[in-house]
>>> print(open('final_16.txt').read())   # compact mmCIF, C-alpha atoms
# COMPACT_ATOMS: atom_id res chain seq x y z
CA MET A 1 18.45 23.57 -27.85
CA ARG A 2 15.65 22.01 -25.85
CA SER A 3 15.34 18.86 -23.82
CA TYR A 4 13.11 16.03 -24.88
CA GLN A 5 11.96 12.68 -23.68
CA SER A 6 11.50 9.85 -26.17
CA VAL A 7 9.61 6.73 -25.24
CA LEU A 8 10.11 3.91 -27.71
CA ILE A 9 8.45 0.53 -27.94
CA LEU A 10 10.56 -2.11 -29.66
CA LYS A 11 9.45 -5.44 -31.04
CA PRO A 12 9.17 -8.00 -28.25
CA ASP A 13 10.99 -10.87 -29.96
CA ILE A 14 14.47 -9.32 -30.22
CA ASP A 15 17.34 -10.08 -27.86
CA GLU A 16 19.24 -7.60 -25.73
CA ALA A 17 22.17 -7.31 -28.13
CA ARG A 18 19.90 -5.95 -30.84
CA VAL A 19 18.32 -3.56 -28.36
CA ALA A 20 21.78 -2.25 -27.54
CA VAL A 21 22.57 -1.86 -31.26
CA ALA A 22 19.33 0.05 -31.80
CA LEU A 23 20.08 2.30 -28.84
CA GLU A 24 23.54 3.00 -30.20
CA LYS A 25 22.11 3.92 -33.58
CA ILE A 26 19.64 6.36 -32.04
CA GLY A 27 22.32 7.82 -29.79
CA GLU A 28 24.56 8.41 -32.79
CA PHE A 29 21.76 10.13 -34.66
CA ILE A 30 21.06 12.43 -31.73
CA LYS A 31 24.75 13.25 -31.38
CA SER A 32 25.19 13.93 -35.08
CA ASN A 33 22.35 16.43 -34.90
CA GLY A 34 23.89 18.42 -32.10
CA GLY A 35 22.08 16.81 -29.19
CA ALA A 36 23.22 14.73 -26.27
CA CYS A 37 21.79 11.67 -24.55
CA LEU A 38 21.32 12.56 -20.91
CA LYS A 39 19.80 9.40 -19.56
CA ILE A 40 18.70 6.07 -20.96
CA GLU A 41 16.26 3.79 -19.19
CA ASN A 42 15.24 0.32 -20.21
CA TRP A 43 11.89 -0.59 -18.71
CA GLY A 44 12.08 -4.08 -20.13
CA LYS A 45 9.37 -6.17 -21.70
CA LYS A 46 5.87 -5.06 -20.82
CA ARG A 47 2.37 -6.03 -21.80
CA LEU A 48 0.80 -3.41 -24.05
CA ALA A 49 -2.61 -2.05 -23.11
CA TYR A 50 -3.78 -2.60 -26.67
CA ARG A 51 -2.38 -4.26 -29.77
CA VAL A 52 0.23 -2.29 -31.69
CA LYS A 53 1.06 -3.66 -35.13
CA LYS A 54 -0.28 -7.06 -34.01
CA ASN A 55 2.07 -7.17 -31.01
CA ARG A 56 0.75 -7.78 -27.52
CA PHE A 57 4.08 -7.13 -25.81
CA GLY A 58 6.82 -4.61 -26.31
CA ILE A 59 10.24 -3.62 -24.99
CA TYR A 60 10.07 -0.11 -23.58
CA LEU A 61 12.98 2.30 -23.81
CA ASN A 62 12.99 5.76 -22.28
CA LEU A 63 15.53 8.38 -23.38
CA TYR A 64 16.12 11.82 -22.02
CA HIS A 65 18.06 13.90 -24.53
CA THR A 66 18.59 17.37 -25.86
CA LEU A 67 18.14 18.25 -29.50
CA GLU A 68 17.97 21.20 -31.82
CA SER A 69 14.28 22.01 -32.09
CA ALA A 70 14.38 21.98 -35.89
CA LYS A 71 15.71 18.40 -35.87
CA VAL A 72 12.86 16.87 -33.93
CA SER A 73 10.85 16.10 -37.05
CA ASP A 74 13.95 14.38 -38.46
CA LEU A 75 14.22 12.30 -35.32
CA GLU A 76 10.55 11.35 -35.51
CA ASN A 77 11.02 10.40 -39.14
CA LYS A 78 13.98 8.25 -38.13
CA TYR A 79 11.85 6.49 -35.53
CA LYS A 80 9.12 5.95 -38.08
CA LEU A 81 11.50 4.27 -40.52
CA PHE A 82 13.29 2.19 -37.88
CA ASP A 83 11.94 -1.31 -38.38
CA LEU A 84 12.43 -2.44 -34.76
CA ILE A 85 10.34 0.40 -33.32
CA ILE A 86 6.63 -0.30 -33.31
CA LYS A 87 5.56 2.87 -31.50
CA TYR A 88 7.24 6.02 -30.27
CA MET A 89 6.43 9.24 -28.49
CA VAL A 90 8.61 12.35 -28.30
CA LEU A 91 7.76 14.81 -25.54
CA ARG A 92 9.22 18.24 -24.99
CA LEU A 93 10.35 18.72 -21.40
CA GLU A 94 10.46 21.95 -19.48
CA ASP A 95 13.58 22.61 -17.45
CA ASP A 96 12.03 21.73 -14.10
CA GLU A 97 10.61 18.49 -15.47
CA LEU A 98 14.01 17.48 -16.82
CA GLU A 99 15.73 18.29 -13.57
CA ARG A 100 13.19 16.22 -11.73
CA ALA A 101 13.60 13.31 -14.12
CA LEU A 102 17.38 13.38 -13.91
CA GLY A 103 17.40 13.93 -10.16
CA LYS A 104 15.06 11.06 -9.50
CA GLU A 105 17.45 8.24 -10.28
CA SER A 106 20.31 9.68 -8.32
CA GLU A 107 17.99 9.87 -5.34
CA THR A 108 16.88 6.29 -5.73
CA GLU A 109 20.49 5.23 -6.23
CA GLU A 110 21.49 7.03 -3.10
CA ALA A 111 18.64 5.41 -1.24
CA ALA A 112 19.63 2.01 -2.59
CA SER A 113 23.25 2.51 -1.68
CA ALA A 114 22.20 3.75 1.74
CA ASN A 115 20.08 0.64 2.19
CA GLY A 116 22.98 -1.49 1.07
CA ASP A 117 25.22 0.21 3.60
CA ASP A 118 22.62 -0.38 6.27
CA LYS A 119 22.45 -4.03 5.38
CA ALA A 120 26.22 -4.33 5.37
CA GLU A 121 26.34 -2.66 8.76
CA LYS A 122 23.67 -4.94 10.07
CA LYS A 123 25.57 -7.95 8.81
CA THR A 124 28.72 -6.85 10.51
CA GLU A 125 26.75 -6.23 13.67
CA THR A 126 25.22 -9.68 13.61
CA LYS A 127 28.66 -11.13 12.99
CA LYS A 128 29.98 -9.30 15.98
CA ASP A 129 27.11 -10.62 18.07
CA SER A 130 27.69 -14.17 17.00
CA MET B 1 -27.64 17.27 6.65
CA PRO B 2 -27.76 16.22 3.03
CA GLU B 3 -24.16 17.18 2.41
CA THR B 4 -22.65 14.87 4.96
CA LYS B 5 -24.72 12.04 3.59
CA LYS B 6 -23.32 12.70 0.14
CA ARG B 7 -19.79 12.86 1.49
CA SER B 8 -20.10 9.53 3.17
CA PHE B 9 -21.41 8.00 -0.05
CA PHE B 10 -18.54 9.23 -2.17
CA SER B 11 -15.01 9.01 -0.95
CA GLN B 12 -13.65 11.86 1.12
CA LYS B 13 -12.82 15.09 -0.66
CA ILE B 14 -9.09 14.84 -0.24
CA CYS B 15 -6.85 15.40 -3.22
CA ARG B 16 -4.39 12.54 -3.41
CA PHE B 17 -1.76 14.49 -5.32
CA CYS B 18 -1.66 17.84 -3.50
CA ASN B 19 1.14 18.04 -1.00
CA ASP B 20 1.22 20.10 2.16
CA ASP B 21 3.99 22.49 1.20
CA GLN B 22 2.12 23.82 -1.87
CA SER B 23 4.99 22.92 -4.20
CA LYS B 24 4.35 22.11 -7.86
CA VAL B 25 2.51 18.87 -8.49
CA TYR B 26 4.08 16.40 -10.91
CA ILE B 27 2.28 13.33 -12.18
CA ASP B 28 4.36 11.06 -14.40
CA PHE B 29 2.55 9.37 -17.26
CA PHE B 30 4.67 6.24 -16.77
CA ASP B 31 3.78 5.93 -13.09
CA ILE B 32 1.01 3.45 -13.75
CA LYS B 33 0.63 2.47 -10.12
CA ALA B 34 -0.56 6.01 -9.38
CA LEU B 35 -2.80 6.25 -12.44
CA LYS B 36 -4.49 2.83 -12.33
CA PRO B 37 -6.89 3.59 -9.46
CA LEU B 38 -8.10 6.69 -11.30
CA ILE B 39 -9.24 4.69 -14.32
CA SER B 40 -12.59 2.95 -14.39
CA GLU B 41 -13.09 -0.67 -15.36
CA ARG B 42 -13.91 0.49 -18.86
CA GLY B 43 -10.73 2.52 -19.11
CA LYS B 44 -12.42 5.85 -18.54
CA ILE B 45 -10.95 8.59 -16.40
CA VAL B 46 -12.68 8.77 -13.01
CA PRO B 47 -14.24 12.22 -12.50
CA SER B 48 -12.89 14.39 -9.72
CA ARG B 49 -16.28 14.53 -8.03
CA ILE B 50 -15.85 10.85 -7.28
CA SER B 51 -12.11 10.59 -6.78
CA GLY B 52 -12.02 13.81 -4.71
CA ASN B 53 -9.03 15.30 -6.49
CA CYS B 54 -8.78 19.07 -6.75
CA ALA B 55 -9.38 20.69 -10.13
CA LYS B 56 -5.76 21.60 -10.72
CA CYS B 57 -4.47 18.10 -10.05
CA GLN B 58 -7.28 16.58 -12.10
CA ARG B 59 -6.15 18.61 -15.10
CA ILE B 60 -2.55 17.44 -14.69
CA LEU B 61 -3.80 13.91 -14.17
CA THR B 62 -5.90 13.80 -17.35
CA ARG B 63 -2.91 14.96 -19.35
CA ALA B 64 -0.78 12.20 -17.81
CA ILE B 65 -3.43 9.56 -18.52
CA LYS B 66 -3.77 10.66 -22.13
CA LYS B 67 -0.01 10.45 -22.61
CA ALA B 68 0.02 6.99 -21.09
CA ARG B 69 -2.75 5.92 -23.46
CA ASN B 70 -0.77 7.16 -26.41
CA ILE B 71 2.19 4.94 -25.63
CA ALA B 72 0.08 1.84 -24.81
CA LEU B 73 0.63 1.90 -21.06
CA LEU B 74 -3.10 2.40 -20.44
CA PRO B 75 -6.00 1.32 -22.64
CA PHE B 76 -8.18 3.70 -24.62
CA ALA B 77 -11.14 1.40 -24.06
CA VAL B 78 -11.54 -1.97 -22.40
CA GLU B 79 -13.91 -4.18 -24.32
CA HIS B 80 -16.12 -6.68 -22.62
>>> encode(input="final_16.txt", output="structure tokens")
Amino acid sequence: MRSYQSVLILKPDIDEARVAVALEKIGEFIKSNGGACLKIENWGKKRLAYRVKKNRFGIYLNLYHTLESAKVSDLENKYKLFDLIIKYMVLRLEDDELERALGKESETEEAASANGDDKAEKKTETKKDS
Amino acid sequence: MPETKKRSFFSQKICRFCNDDQSKVYIDFFDIKALKPLISERGKIVPSRISGNCAKCQRILTRAIKKARNIALLPFAVEH
């Protein structure tokens, strides 16, 4: 079992519900092949640096998951046949890279929550002053 | 002092990725803000002799840029 990162580009003209459906489908496939989705990121609609299948924009998805190493080619085949995906990239992650990737968000979340707390405190302070 | 002249012409020889505590350097291929300044107008990778990055970081950087190109975050070539 190794950890992987998949970056997917979906067609730009689909709505969020279909993105969610696609994500679910991929998640199910990973689970059925003995893997687990560790983290899912949606980077939203972005301008592509060059045209991909005549599209200038794309919806980026970023998945961190584990998978049996023999099943990776199956997963890539699945991506290839998925009609909503216009481009994909599967990267193998070393343990330290995965840890860093998973740790990153919690840090930012903590920072955000800390900032929020600060703001809340500040608000209360200003209220007290007034 | 030809060397100092050269230095002043190019940017200073300071690696922008090396950190002080000598820990492992990570460059994410999706961190475009960090990669953009190291790409020329044409989409080429800026050589380390101009950017001032150390050899080790330059190697990690080129790998990151090539990954980013693969997934359409950075261009292979910018046409004029």
>>> closest_atom_pairs(input="final_16.txt", of="chain A", to="chain B", cutoff="9 Å", atoms="only C-alpha atoms", output="tab-separated table")
residue	atom	partner	partner_atom	distance
A:Val7	CA	B:Ile71	CA	7.6
A:Leu8	CA	B:Ile71	CA	8.3
A:Ile9	CA	B:Ile71	CA	8.0
A:Lys46	CA	B:Leu73	CA	8.7
A:Arg47	CA	B:Leu73	CA	8.2
A:Leu48	CA	B:Ala72	CA	5.4
A:Ala49	CA	B:Pro75	CA	4.8
A:Tyr50	CA	B:Pro75	CA	6.0
A:Arg51	CA	B:Ala72	CA	8.2
A:Val52	CA	B:Ala72	CA	8.0
A:Lys87	CA	B:Ile71	CA	7.1
A:Tyr88	CA	B:Ile71	CA	6.9
A:Met89	CA	B:Ile71	CA	6.7
A:Glu97	CA	B:Tyr26	CA	8.2
>>> atom_distance(input="final_16.txt", atom1="CA of Lys45 in chain A", atom2="CA of Ile60 in chain B")
27.4 Å
>>> residues_around(input="final_16.txt", residues="Asp31 in chain B", least_positions_apart="2", cutoff="10 Å", atoms="all atoms listed in the file", output="PDB file with C-alpha atoms, in the frame of the given file")
ATOM      1  CA  ILE B  27       2.280  13.330 -12.180  1.00  0.00           C
ATOM      2  CA  ASP B  28       4.360  11.060 -14.400  1.00  0.00           C
ATOM      3  CA  PHE B  29       2.550   9.370 -17.260  1.00  0.00           C
ATOM      4  CA  LYS B  33       0.630   2.470 -10.120  1.00  0.00           C
ATOM      5  CA  ALA B  34      -0.560   6.010  -9.380  1.00  0.00           C
ATOM      6  CA  LEU B  35      -2.800   6.250 -12.440  1.00  0.00           C
ATOM      7  CA  LYS B  36      -4.490   2.830 -12.330  1.00  0.00           C
ATOM      8  CA  ALA B  64      -0.780  12.200 -17.810  1.00  0.00           C
ATOM      9  CA  ILE B  65      -3.430   9.560 -18.520  1.00  0.00           C
ATOM     10  CA  ALA B  68       0.020   6.990 -21.090  1.00  0.00           C
ATOM     11  CA  LEU B  73       0.630   1.900 -21.060  1.00  0.00           C
TER      12      LEU B  73
END
>>> atom_distance(input="final_16.txt", atom1="CA of Leu38 in chain B", atom2="CA of Lys56 in chain B")
15.1 Å
>>> atom_distance(input="final_16.txt", atom1="CA of Asn19 in chain B", atom2="CA of Gly43 in chain B")
26.6 Å
>>> closest_residue(input="final_16.txt", among="B:Glu79, B:Lys44, B:Cys15, B:Asp21", to="Gln58 in chain B", atoms="all atoms listed in the file")
B:Cys15
>>> residues_around(input="final_16.txt", residues="Ser3 in chain A", least_positions_apart="6", cutoff="8 Å", atoms="only C-alpha atoms", output="PyMOL selection string")
chain A and resi 64-67+92-95+98
>>> build_atoms(input="final_16.txt", residues="range 33-51 of chain B", atoms="N, CA and C atoms", output="CSV table (one decimal), in the frame of the given file")
chain,number,residue,atom,x,y,z
B,33,LYS,N,1.2,2.8,-11.4
B,33,LYS,CA,0.6,2.5,-10.1
B,33,LYS,C,-0.2,3.6,-9.6
B,34,ALA,N,0.2,4.9,-9.9
B,34,ALA,CA,-0.6,6.0,-9.4
B,34,ALA,C,-1.8,6.3,-10.2
B,35,LEU,N,-1.7,5.9,-11.5
B,35,LEU,CA,-2.8,6.2,-12.4
B,35,LEU,C,-3.9,5.2,-12.4
B,36,LYS,N,-3.5,3.9,-12.2
B,36,LYS,CA,-4.5,2.8,-12.3
B,36,LYS,C,-5.8,3.0,-11.5
B,37,PRO,N,-5.7,3.4,-10.2
B,37,PRO,CA,-6.9,3.6,-9.5
B,37,PRO,C,-7.8,4.7,-10.0
B,38,LEU,N,-7.3,5.6,-10.8
B,38,LEU,CA,-8.1,6.7,-11.3
B,38,LEU,C,-8.7,6.4,-12.7
B,39,ILE,N,-8.7,5.1,-13.0
B,39,ILE,CA,-9.2,4.7,-14.3
B,39,ILE,C,-10.4,3.7,-14.0
B,40,SER,N,-11.5,3.9,-14.7
B,40,SER,CA,-12.6,3.0,-14.4
B,40,SER,C,-12.3,1.6,-15.0
B,41,GLU,N,-13.2,0.7,-14.8
B,41,GLU,CA,-13.1,-0.7,-15.4
B,41,GLU,C,-13.1,-0.6,-16.9
B,42,ARG,N,-13.8,0.3,-17.4
B,42,ARG,CA,-13.9,0.5,-18.9
B,42,ARG,C,-12.7,1.2,-19.5
B,43,GLY,N,-11.9,1.7,-18.6
B,43,GLY,CA,-10.7,2.5,-19.1
B,43,GLY,C,-11.0,4.0,-19.1
B,44,LYS,N,-12.1,4.4,-18.6
B,44,LYS,CA,-12.4,5.8,-18.5
B,44,LYS,C,-11.7,6.5,-17.4
B,45,ILE,N,-11.5,7.8,-17.5
B,45,ILE,CA,-11.0,8.6,-16.4
B,45,ILE,C,-12.0,8.9,-15.3
B,46,VAL,N,-11.7,8.6,-14.1
B,46,VAL,CA,-12.7,8.8,-13.0
B,46,VAL,C,-12.8,10.3,-12.7
B,47,PRO,N,-14.1,10.8,-12.7
B,47,PRO,CA,-14.2,12.2,-12.5
B,47,PRO,C,-13.8,12.6,-11.1
B,48,SER,N,-13.4,13.9,-11.0
B,48,SER,CA,-12.9,14.4,-9.7
B,48,SER,C,-14.0,14.4,-8.7
B,49,ARG,N,-15.2,14.5,-9.1
B,49,ARG,CA,-16.3,14.5,-8.0
B,49,ARG,C,-16.4,13.2,-7.3
B,50,ILE,N,-15.9,12.2,-7.9
B,50,ILE,CA,-15.8,10.8,-7.3
B,50,ILE,C,-14.5,10.6,-6.6
B,51,SER,N,-13.4,10.9,-7.4
B,51,SER,CA,-12.1,10.6,-6.8
B,51,SER,C,-11.7,11.6,-5.7
